[in-house]
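Q: Pasting start.cif below, which is mmCIF, C-alpha atoms.
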data_query
#
loop_
_atom_site.label_atom_id
_atom_site.label_comp_id
_atom_site.auth_asym_id
_atom_site.auth_seq_id
_atom_site.Cartn_x
_atom_site.Cartn_y
_atom_site.Cartn_z
CA MET A 455 12.50 1.70 -24.02
CA ARG A 456 14.44 4.75 -22.89
CA VAL A 457 12.78 7.11 -20.43
CA THR A 458 13.31 10.80 -21.15
CA LYS A 459 12.10 13.91 -19.38
CA LYS A 460 10.46 15.05 -22.61
CA GLN A 461 8.33 11.89 -22.74
CA LEU A 462 7.27 12.30 -19.13
CA GLU A 463 6.42 15.96 -19.67
CA GLU A 464 4.21 15.09 -22.65
CA SER A 465 2.37 12.47 -20.60
CA VAL A 466 1.90 14.90 -17.70
CA ASP A 467 0.77 17.77 -19.97
CA TYR A 468 -1.88 15.53 -21.52
CA LEU A 469 -3.24 14.57 -18.10
CA ARG A 470 -3.18 18.12 -16.74
CA ASN A 471 -5.13 19.29 -19.79
CA LYS A 472 -7.73 16.63 -18.98
CA GLY A 473 -8.13 18.04 -15.46
CA PHE A 474 -5.67 15.96 -13.40
CA ASP A 475 -5.08 18.81 -10.98
CA ARG A 476 -2.22 18.28 -8.49
CA PRO A 477 -3.20 14.91 -6.96
CA GLN A 478 -1.85 14.34 -3.46
CA ILE A 479 -1.97 10.54 -3.38
CA GLY A 480 -1.33 7.90 -6.02
CA ILE A 481 -2.89 4.45 -5.78
CA VAL A 482 -1.91 1.33 -7.75
CA LEU A 483 -4.60 -1.36 -7.76
CA GLY A 484 -3.73 -5.04 -8.00
CA THR A 485 -5.41 -8.00 -9.65
CA GLY A 486 -9.10 -8.21 -8.75
CA LEU A 487 -8.93 -4.99 -6.74
CA GLY A 488 -10.62 -2.44 -8.98
CA LYS A 489 -13.69 -1.44 -6.95
CA LEU A 490 -11.88 1.31 -5.07
CA VAL A 491 -12.44 3.59 -8.06
CA ASP A 492 -16.17 3.54 -7.23
CA GLU A 493 -15.29 5.58 -4.13
CA LEU A 494 -13.94 8.48 -6.21
CA LYS A 495 -16.01 11.64 -6.48
CA LYS A 496 -16.10 13.57 -9.78
CA PRO A 497 -13.83 11.09 -11.55
CA ILE A 498 -11.88 12.04 -14.66
CA VAL A 499 -10.74 9.06 -16.74
CA ALA A 500 -7.73 8.81 -19.04
CA HIS A 501 -7.37 5.53 -20.93
CA TYR A 502 -3.78 4.34 -21.20
CA HIS A 503 -3.90 4.17 -24.99
CA HIS A 504 -4.64 7.91 -25.11
CA ILE A 505 -1.79 8.98 -22.78
CA PRO A 506 1.42 9.72 -24.71
CA PHE A 507 4.16 7.10 -24.12
CA PHE A 508 2.03 5.04 -21.72
CA PRO A 509 2.19 1.25 -22.05
CA LEU A 510 -1.07 -0.66 -22.59
CA ALA A 511 -2.48 -3.16 -20.10
CA THR A 512 -2.86 -6.61 -21.68
CA VAL A 513 -4.22 -8.67 -18.75
CA GLU A 514 -7.99 -9.14 -18.89
CA PHE A 515 -8.30 -8.45 -15.15
CA HIS A 516 -6.66 -5.01 -15.53
CA SER A 517 -8.74 -2.35 -17.25
CA GLY A 518 -6.06 0.15 -18.30
CA LYS A 519 -7.23 3.51 -16.94
CA LEU A 520 -5.74 6.35 -14.93
CA ILE A 521 -8.51 7.97 -12.89
CA PHE A 522 -8.39 11.30 -11.05
CA GLY A 523 -10.89 12.31 -8.38
CA THR A 524 -11.39 13.05 -4.71
CA MET A 525 -11.53 10.47 -1.96
CA ALA A 526 -11.91 11.17 1.76
CA GLY A 527 -11.38 14.86 1.01
CA LYS A 528 -8.06 14.40 -0.83
CA LYS A 529 -7.17 14.55 -4.50
CA VAL A 530 -6.08 11.13 -5.69
CA VAL A 531 -5.00 9.50 -8.93
CA VAL A 532 -5.71 5.78 -9.26
CA MET A 533 -3.92 3.41 -11.60
CA GLU A 534 -6.55 0.82 -12.52
CA GLY A 535 -4.50 -1.76 -14.35
CA ARG A 536 -0.77 -2.17 -13.80
CA PHE A 537 1.97 -3.67 -15.95
CA HIS A 538 3.98 -6.86 -15.41
CA LEU A 539 7.13 -8.49 -16.69
CA TYR A 540 5.09 -11.54 -17.67
CA GLU A 541 3.19 -9.44 -20.22
CA GLY A 542 6.42 -8.75 -22.06
CA TYR A 543 7.05 -5.29 -20.64
CA ASP A 544 10.41 -4.18 -19.34
CA PHE A 545 11.07 -2.50 -16.01
CA LEU A 546 10.94 0.99 -17.53
CA ASP A 547 7.46 0.33 -18.97
CA ILE A 548 6.23 -1.08 -15.66
CA THR A 549 7.36 1.93 -13.65
CA TYR A 550 6.66 4.71 -16.16
CA PRO A 551 3.27 5.52 -14.53
CA ILE A 552 4.93 5.99 -11.13
CA ARG A 553 7.19 8.67 -12.60
CA VAL A 554 4.18 10.31 -14.27
CA MET A 555 2.14 10.37 -11.05
CA HIS A 556 5.12 11.81 -9.20
CA LEU A 557 5.43 14.65 -11.72
CA LEU A 558 1.69 15.27 -11.44
CA GLY A 559 2.37 16.04 -7.78
CA ILE A 560 1.61 13.01 -5.63
CA GLU A 561 3.24 13.05 -2.20
CA LYS A 562 2.33 9.50 -1.11
CA LEU A 563 1.90 6.20 -2.95
CA PHE A 564 -0.44 3.34 -1.96
CA ILE A 565 -0.01 -0.06 -3.63
CA SER A 566 -2.12 -3.21 -3.48
CA ASN A 567 -1.65 -6.66 -4.93
CA ALA A 568 -2.99 -10.19 -4.82
CA ALA A 569 -0.51 -12.70 -3.40
CA GLY A 570 -0.12 -16.29 -2.31
CA ALA A 571 0.70 -17.10 1.31
CA ILE A 572 4.08 -18.70 1.97
CA ASN A 573 3.67 -18.13 5.70
CA LEU A 574 0.84 -20.54 6.48
CA ASP A 575 -0.27 -18.39 9.41
CA HIS A 576 -1.59 -16.10 6.65
CA LYS A 577 -4.89 -17.42 5.37
CA LYS A 578 -6.92 -16.94 2.21
CA GLY A 579 -8.81 -13.64 2.56
CA ASP A 580 -6.27 -12.05 4.95
CA ILE A 581 -4.58 -8.74 4.26
CA MET A 582 -0.83 -8.48 4.75
CA LEU A 583 0.93 -5.17 5.30
CA ILE A 584 4.22 -5.36 3.40
CA ASP A 585 7.15 -4.33 5.59
CA ASP A 586 9.97 -5.63 3.35
CA HIS A 587 10.45 -7.42 0.05
CA LEU A 588 12.58 -9.78 -1.99
CA ASN A 589 13.27 -8.75 -5.59
CA LEU A 590 13.39 -12.07 -7.47
CA GLN A 591 12.55 -10.59 -10.87
CA GLY A 592 16.10 -10.64 -12.15
CA GLY A 593 16.59 -6.93 -12.77
CA SER A 594 16.05 -3.36 -11.66
CA PRO A 595 14.00 -0.42 -13.00
CA LEU A 596 17.01 1.78 -12.19
CA ALA A 597 19.44 -0.10 -14.44
CA PHE A 598 19.47 2.24 -17.41
CA LYS A 599 22.06 4.67 -18.72
CA ASN A 600 20.43 8.03 -17.98
CA VAL A 601 18.98 7.13 -14.56
CA ALA A 602 21.07 9.88 -12.91
CA GLU A 603 18.88 12.46 -14.67
CA PHE A 604 16.02 11.40 -12.41
CA GLY A 605 17.76 10.87 -9.06
CA ASP A 606 20.64 9.07 -7.38
CA ARG A 607 21.79 5.94 -9.17
CA PHE A 608 22.48 4.08 -5.90
CA VAL A 609 19.25 4.15 -3.91
CA ASP A 610 19.14 3.16 -0.25
CA MET A 611 16.54 0.44 0.38
CA SER A 612 17.05 -0.16 4.10
CA GLU A 613 13.44 0.92 4.81
CA PRO A 614 11.55 0.84 1.51
CA TYR A 615 8.07 1.10 3.07
CA ASP A 616 7.12 4.21 5.06
CA ILE A 617 7.16 3.54 8.79
CA ALA A 618 4.64 6.25 9.74
CA MET A 619 2.00 5.09 7.24
CA ARG A 620 2.48 1.48 8.29
CA GLN A 621 1.89 2.45 11.93
CA LYS A 622 -1.24 4.40 10.97
CA LEU A 623 -2.57 1.47 8.95
CA ARG A 624 -2.06 -0.92 11.87
CA ALA A 625 -3.95 1.47 14.17
CA ILE A 626 -6.78 1.83 11.64
CA ALA A 627 -7.04 -1.95 11.26
CA LYS A 628 -7.27 -2.38 15.02
CA LYS A 629 -9.92 0.33 15.30
CA GLU A 630 -11.98 -1.12 12.44
CA GLY A 631 -11.64 -4.73 13.60
CA ILE A 632 -9.76 -5.77 10.48
CA SER A 633 -7.13 -8.48 10.85
CA LEU A 634 -3.91 -7.11 9.37
CA LYS A 635 -0.89 -9.38 9.11
CA SER A 636 2.64 -8.15 8.34
CA GLY A 637 5.42 -9.69 6.33
CA THR A 638 7.90 -9.87 3.50
CA TYR A 639 6.65 -9.96 -0.08
CA ALA A 640 8.60 -11.86 -2.73
CA SER A 641 8.20 -10.64 -6.30
CA VAL A 642 8.76 -13.21 -9.06
CA VAL A 643 8.40 -13.00 -12.84
CA GLY A 644 5.47 -15.38 -13.49
CA PRO A 645 3.04 -15.85 -15.09
CA GLN A 646 3.22 -19.51 -14.06
CA LEU A 647 2.58 -20.21 -10.40
CA GLU A 648 5.29 -21.82 -8.31
CA THR A 649 6.27 -25.46 -7.95
CA ARG A 650 6.42 -27.16 -4.57
CA ALA A 651 10.21 -26.81 -4.57
CA GLU A 652 9.94 -23.10 -5.36
CA TYR A 653 7.52 -22.57 -2.46
CA ARG A 654 9.99 -24.32 -0.15
CA MET A 655 12.78 -22.08 -1.47
CA LEU A 656 10.72 -18.92 -0.89
CA LYS A 657 10.03 -19.98 2.70
CA ILE A 658 13.76 -20.55 3.30
CA LEU A 659 14.48 -17.08 1.85
CA GLY A 660 12.11 -15.50 4.36
CA ALA A 661 9.10 -14.68 2.21
CA ASP A 662 5.66 -14.51 3.80
CA ALA A 663 3.82 -13.99 0.50
CA VAL A 664 4.61 -14.20 -3.19
CA GLY A 665 3.33 -12.31 -6.22
CA MET A 666 4.33 -10.94 -9.62
CA SER A 667 4.30 -7.17 -9.15
CA THR A 668 4.87 -4.24 -6.77
CA VAL A 669 8.63 -4.37 -6.21
CA PRO A 670 9.63 -2.46 -9.39
CA GLU A 671 7.18 0.33 -8.50
CA VAL A 672 8.48 0.44 -4.93
CA ILE A 673 12.09 0.72 -6.11
CA VAL A 674 11.25 3.66 -8.37
CA ALA A 675 9.19 5.34 -5.65
CA ASN A 676 12.22 5.13 -3.36
CA HIS A 677 14.31 6.56 -6.19
CA LEU A 678 11.88 9.50 -6.26
CA ARG A 679 11.84 9.69 -2.43
CA LEU A 680 8.12 9.05 -2.48
CA PRO A 681 6.73 7.48 0.73
CA ILE A 682 4.97 4.16 0.08
CA VAL A 683 2.57 1.86 1.86
CA ALA A 684 1.65 -1.49 0.30
CA VAL A 685 -0.69 -4.36 1.13
CA SER A 686 -1.17 -7.86 -0.22
CA VAL A 687 -4.58 -9.49 -0.33
CA ILE A 688 -3.89 -13.17 0.34
CA THR A 689 -5.75 -15.15 -2.33
CA ASP A 690 -4.32 -18.64 -1.92
CA GLU A 691 -2.28 -20.72 0.52
CA CYS A 692 0.96 -22.16 -0.82
CA ASP A 693 1.62 -25.24 1.30
CA PRO A 694 4.14 -27.38 -0.62
CA GLU A 695 3.25 -30.44 1.44
CA ASN A 696 -0.43 -30.17 0.53
CA LEU A 697 -0.43 -28.23 -2.73
CA GLN A 698 -3.69 -28.00 -4.63
CA PRO A 699 -4.14 -26.69 -8.19
CA VAL A 700 -5.04 -23.00 -8.26
CA ASP A 701 -7.34 -21.41 -10.82
CA ILE A 702 -6.81 -17.72 -11.63
CA HIS A 703 -10.57 -17.15 -11.39
CA ASP A 704 -10.52 -18.41 -7.78
CA ILE A 705 -7.74 -15.91 -7.04
CA ILE A 706 -9.83 -13.10 -8.54
CA ASN A 707 -12.91 -14.10 -6.55
CA VAL A 708 -11.03 -14.14 -3.23
CA ALA A 709 -9.47 -10.76 -4.02
CA ARG A 710 -12.88 -9.25 -4.76
CA LYS A 711 -14.42 -10.64 -1.57
CA THR A 712 -11.57 -9.21 0.51
CA GLU A 713 -11.43 -5.90 -1.34
CA PRO A 714 -13.94 -3.99 0.88
CA LYS A 715 -11.54 -4.36 3.83
CA MET A 716 -8.65 -3.01 1.74
CA ILE A 717 -10.80 -0.08 0.58
CA LYS A 718 -11.70 0.70 4.19
CA LEU A 719 -8.04 0.69 5.24
CA PHE A 720 -6.98 2.94 2.36
CA THR A 721 -9.92 5.33 2.81
CA GLU A 722 -9.25 5.80 6.50
CA LEU A 723 -5.52 6.25 5.88
CA ILE A 724 -6.24 8.95 3.29
CA LYS A 725 -8.30 10.79 5.92
CA GLU A 726 -5.39 10.73 8.39
CA ILE A 727 -2.51 11.88 6.20
#
As structure tokens, please, write out the structure in this file.
A:
Amino acid sequence: MRVTKKQLEESVDYLRNKGFDRPQIGIVLGTGLGKLVDELKKPIVAHYHHIPFFPLATVEFHSGKLIFGTMAGKKVVVMEGRFHLYEGYDFLDITYPIRVMHLLGIEKLFISNAAGAINLDHKKGDIMLIDDHLNLQGGSPLAFKNVAEFGDRFVDMSEPYDIAMRQKLRAIAKKEGISLKSGTYASVVGPQLETRAEYRMLKILGADAVGMSTVPEVIVANHLRLPIVAVSVITDECDPENLQPVDIHDIINVARKTEPKMIKLFTELIKEI
């Protein structure tokens, strides 16, 4: 796939004609974390298969809708259903919606995901604020010929996650009595989960949690100079010395049980920015 400005403009024109009116905040929802859309007032829904040049979500836990509405007094656009390398998409497919939301007008980006804990101080059901990441997906969403049409080719990643929003989220968590861990998120290809040796490797590399998403979107958001905050819902504990089989349905159930805390954090942050 080659991204062009004409493609992006067609996608944006379609959404504006549907009533997606200058959203201020974009939100990407992770696996099992779809209930936040219930908080939207006066929602307008655009299914991915109707949006020109949009990829289609293929994972059964991702519904494939872009939803515009108001939340905590702000206009937001929510991506319910993201794209992954393990579905056969490339990096340009995965990050195309971020470029579309940016052109629609978003000024901030919130991202959530479900992740496994490498740091065993992080427990199932915890929320981890991502303060750094490891890109272990073997490529970059900026590695295409005409990338300079959209921004600088060589993007600084010394502070990929917005400091001010992270500080606000920590303060909100303290105020609301929500335990909020912090750490480094490692993004791998998947869809298979890791072996014991791979979990040991990730710990040596400095990862606190591991998942199969988020990093491509964060790289493109930095390319667009779009401030980001991201959280991982910890759905399983990856202890290589005591590794138990993990069922994807268990991961989904833990994510859904923890989701109200994530919604509270995001809602309160929207109020403050």
Q: Please identify every residue of region 646-699 of chain A that has at least one atom no farther than 8 Å from an atom of region 591-606 of chain A, counting all atoms listed in the file, and for each give the shortest atom pair and the distance in Å to one decimal, arranged by chain then increasing number, as JSON lines.
A:
{"residue": "A:Pro670", "atom": "CA", "partner": "A:Pro595", "partner_atom": "CA", "distance": 6.0}
{"residue": "A:Ile673", "atom": "CA", "partner": "A:Pro595", "partner_atom": "CA", "distance": 7.2}
{"residue": "A:Val674", "atom": "CA", "partner": "A:Pro595", "partner_atom": "CA", "distance": 6.8}
{"residue": "A:His677", "atom": "CA", "partner": "A:Gly605", "partner_atom": "CA", "distance": 6.2}
{"residue": "A:Leu678", "atom": "CA", "partner": "A:Gly605", "partner_atom": "CA", "distance": 6.7}
Q: So that I have them on file, write out the residues from the current selection with C-alpha atoms, as a PDB file, in the frame of the given file.
A:
ATOM      1  CA  PRO A 670       9.630  -2.460  -9.390  1.00  0.00           C
ATOM      2  CA  ILE A 673      12.090   0.720  -6.110  1.00  0.00           C
ATOM      3  CA  VAL A 674      11.250   3.660  -8.370  1.00  0.00           C
ATOM      4  CA  HIS A 677      14.310   6.560  -6.190  1.00  0.00           C
ATOM      5  CA  LEU A 678      11.880   9.500  -6.260  1.00  0.00           C
TER       6      LEU A 678
END
Q: Might you pull out every residue within 12 Å of Ile617 (chain A), with all atoms listed in the file counted and same-chain residues fewer than 3 positions away left off, and present them as a PyMOL selection string?
A: chain A and resi 583-586+612-614+620-624+681-684
Q: Please indicate the distance in Å from CA of Tyr615 (chain A) to CA of Val499 (chain A), rounded to one decimal place.
A: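 Going from CA of Tyr615 (chain A) over to CA of Val499 (chain A) covers 28.5 Å.
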Q: Calculated over only C-alpha atoms, which of the candidates A:Val554, A:Ile705, A:Met533, A:Ile560 has the smallest distance to Lys459 (chain A)?
A: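 The answer is A:Val554, which sits nearest to Lys459 (chain A).
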Q: I'd like the neighbourhood of Leu520 (chain A) as a PyMOL selection string, where a residue qualifies if any of its atoms comes within 7 Å (using all atoms listed in the file), though same-chain residues fewer than 3 positions away should be ignored.
A: chain A and resi 499-502+531-534
Q: Counting only C-alpha atoms, which residue out of A:Asn567, A:Ser667, A:Asn589, A:Thr524 sits closest to Phe537 (chain A)?
A: A:Ser667
Q: Can you translate the PyMOL selection byres ((chain A and resi 641) around 7) into the concrete residues it hits in this file, as a tab-separated table (two decimals) with C-alpha atoms, keeping the file's coordinate frame?
A:
chain	number	residue	atom	x	y	z
A	588	LEU	CA	12.58	-9.78	-1.99
A	589	ASN	CA	13.27	-8.75	-5.59
A	590	LEU	CA	13.39	-12.07	-7.47
A	591	GLN	CA	12.55	-10.59	-10.87
A	639	TYR	CA	6.65	-9.96	-0.08
A	640	ALA	CA	8.60	-11.86	-2.73
A	642	VAL	CA	8.76	-13.21	-9.06
A	643	VAL	CA	8.40	-13.00	-12.84
A	664	VAL	CA	4.61	-14.20	-3.19
A	665	GLY	CA	3.33	-12.31	-6.22
A	666	MET	CA	4.33	-10.94	-9.62
A	667	SER	CA	4.30	-7.17	-9.15
A	669	VAL	CA	8.63	-4.37	-6.21
Q: Mind pulling up the distance from CA of Thr668 (chain A) to CA of Leu546 (chain A)?
A: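 CA of Thr668 (chain A) lies 13.4 Å from CA of Leu546 (chain A).
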Q: Have a look at CA of Thr638 (chain A) and CA of Pro509 (chain A) and let me know their distance in Å, one decimal.
A: 28.4 Å
Q: If you apply the PyMOL selection byres ((chain A and resi 475-481) around 8) to this file, what residues do you get, as number ranges by chain?
A: A: 470, 473-474, 482-483, 522, 528-533, 555, 558-565
Q: So that I can see what lies close to Leu574 (chain A), please list as a list in words the residues with an atom at most 9 Å from it, counting all atoms listed in the file and leaving out residues fewer than 2 positions away in the same chain.
A: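 These residues fall inside the cut-off: Ala571, Ile572, His576, Lys577, Asp662, Glu691, Cys692 and Asp693 of chain A.
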Q: Using all atoms listed in the file, pick whichever of A:Leu462, A:Ala627, A:Ile505, A:Leu539 has the shortest atom-to-atom distance to Leu723 (chain A).
A: A:Ala627
Q: Would you translate the PyMOL selection byres ((chain A and resi 486) around 6) into the concrete set of residues it matches in this file, as a list in words?
A: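 Selected by the PyMOL selection byres ((chain A and resi 486) around 6) in this file: Thr485, Leu487, Gly488, Ile706, Ala709 and Arg710 of chain A.
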Q: Can you work out which one of A:Gly644, A:Gly518, A:Pro699, A:Pro694 has the shortest atom-to-atom distance to Gly542 (chain A), counting all atoms listed in the file?
A: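 Among the listed residues, A:Gly644 lies closest to Gly542 (chain A).
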Q: For Lys635 (chain A), which residue out of A:Lys725, A:His538, A:Lys489, A:Lys578 is the nearest one, using all atoms listed in the file?
A: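 Nearest candidate to Lys635 (chain A) out of A:Lys725, A:His538, A:Lys489, A:Lys578: A:Lys578.
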Q: Smallest atom-to-atom distance to Lys460 (chain A): which of A:Met619, A:Ile498, A:Gly484, A:Phe507, using only C-alpha atoms?
A: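 Using only C-alpha atoms, the shortest distance to Lys460 (chain A) belongs to A:Phe507.
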Q: Since the input has fewer atoms than a full residue there, write region 530-544 of chain A out with N, CA and C atoms, as a PDB file, in the coordinates of the input.
A:
ATOM      1  N   VAL A 530      -6.832  12.370  -5.462  1.00  0.00           N
ATOM      2  CA  VAL A 530      -6.080  11.130  -5.690  1.00  0.00           C
ATOM      3  C   VAL A 530      -6.061  10.802  -7.186  1.00  0.00           C
ATOM      4  N   VAL A 531      -5.043  10.057  -7.580  1.00  0.00           N
ATOM      5  CA  VAL A 531      -5.000   9.500  -8.930  1.00  0.00           C
ATOM      6  C   VAL A 531      -4.806   7.988  -8.778  1.00  0.00           C
ATOM      7  N   VAL A 532      -5.677   7.229  -9.423  1.00  0.00           N
ATOM      8  CA  VAL A 532      -5.710   5.780  -9.260  1.00  0.00           C
ATOM      9  C   VAL A 532      -5.297   5.117 -10.572  1.00  0.00           C
ATOM     10  N   MET A 533      -4.369   4.193 -10.455  1.00  0.00           N
ATOM     11  CA  MET A 533      -3.920   3.410 -11.600  1.00  0.00           C
ATOM     12  C   MET A 533      -4.712   2.100 -11.591  1.00  0.00           C
ATOM     13  N   GLU A 534      -5.726   2.026 -12.446  1.00  0.00           N
ATOM     14  CA  GLU A 534      -6.550   0.820 -12.520  1.00  0.00           C
ATOM     15  C   GLU A 534      -6.039  -0.029 -13.685  1.00  0.00           C
ATOM     16  N   GLY A 535      -5.189  -0.967 -13.345  1.00  0.00           N
ATOM     17  CA  GLY A 535      -4.500  -1.760 -14.350  1.00  0.00           C
ATOM     18  C   GLY A 535      -3.021  -1.445 -14.344  1.00  0.00           C
ATOM     19  N   ARG A 536      -2.218  -2.371 -13.844  1.00  0.00           N
ATOM     20  CA  ARG A 536      -0.770  -2.170 -13.800  1.00  0.00           C
ATOM     21  C   ARG A 536      -0.109  -3.053 -14.853  1.00  0.00           C
ATOM     22  N   PHE A 537       1.209  -2.945 -14.933  1.00  0.00           N
ATOM     23  CA  PHE A 537       1.970  -3.670 -15.950  1.00  0.00           C
ATOM     24  C   PHE A 537       2.899  -4.679 -15.278  1.00  0.00           C
ATOM     25  N   HIS A 538       3.191  -5.773 -15.977  1.00  0.00           N
ATOM     26  CA  HIS A 538       3.980  -6.860 -15.410  1.00  0.00           C
ATOM     27  C   HIS A 538       5.039  -7.331 -16.385  1.00  0.00           C
ATOM     28  N   LEU A 539       6.114  -7.869 -15.840  1.00  0.00           N
ATOM     29  CA  LEU A 539       7.130  -8.490 -16.690  1.00  0.00           C
ATOM     30  C   LEU A 539       6.531  -9.612 -17.538  1.00  0.00           C
ATOM     31  N   TYR A 540       5.606 -10.365 -16.961  1.00  0.00           N
ATOM     32  CA  TYR A 540       5.090 -11.540 -17.670  1.00  0.00           C
ATOM     33  C   TYR A 540       4.253 -11.165 -18.894  1.00  0.00           C
ATOM     34  N   GLU A 541       3.892  -9.890 -19.021  1.00  0.00           N
ATOM     35  CA  GLU A 541       3.190  -9.440 -20.220  1.00  0.00           C
ATOM     36  C   GLU A 541       4.148  -9.075 -21.353  1.00  0.00           C
ATOM     37  N   GLY A 542       5.441  -9.120 -21.051  1.00  0.00           N
ATOM     38  CA  GLY A 542       6.420  -8.750 -22.060  1.00  0.00           C
ATOM     39  C   GLY A 542       6.950  -7.351 -21.923  1.00  0.00           C
ATOM     40  N   TYR A 543       6.536  -6.639 -20.889  1.00  0.00           N
ATOM     41  CA  TYR A 543       7.050  -5.290 -20.640  1.00  0.00           C
ATOM     42  C   TYR A 543       8.413  -5.356 -19.982  1.00  0.00           C
ATOM     43  N   ASP A 544       9.167  -4.262 -20.090  1.00  0.00           N
ATOM     44  CA  ASP A 544      10.410  -4.180 -19.340  1.00  0.00           C
ATOM     45  C   ASP A 544      10.186  -3.316 -18.099  1.00  0.00           C
TER      46      ASP A 544
END
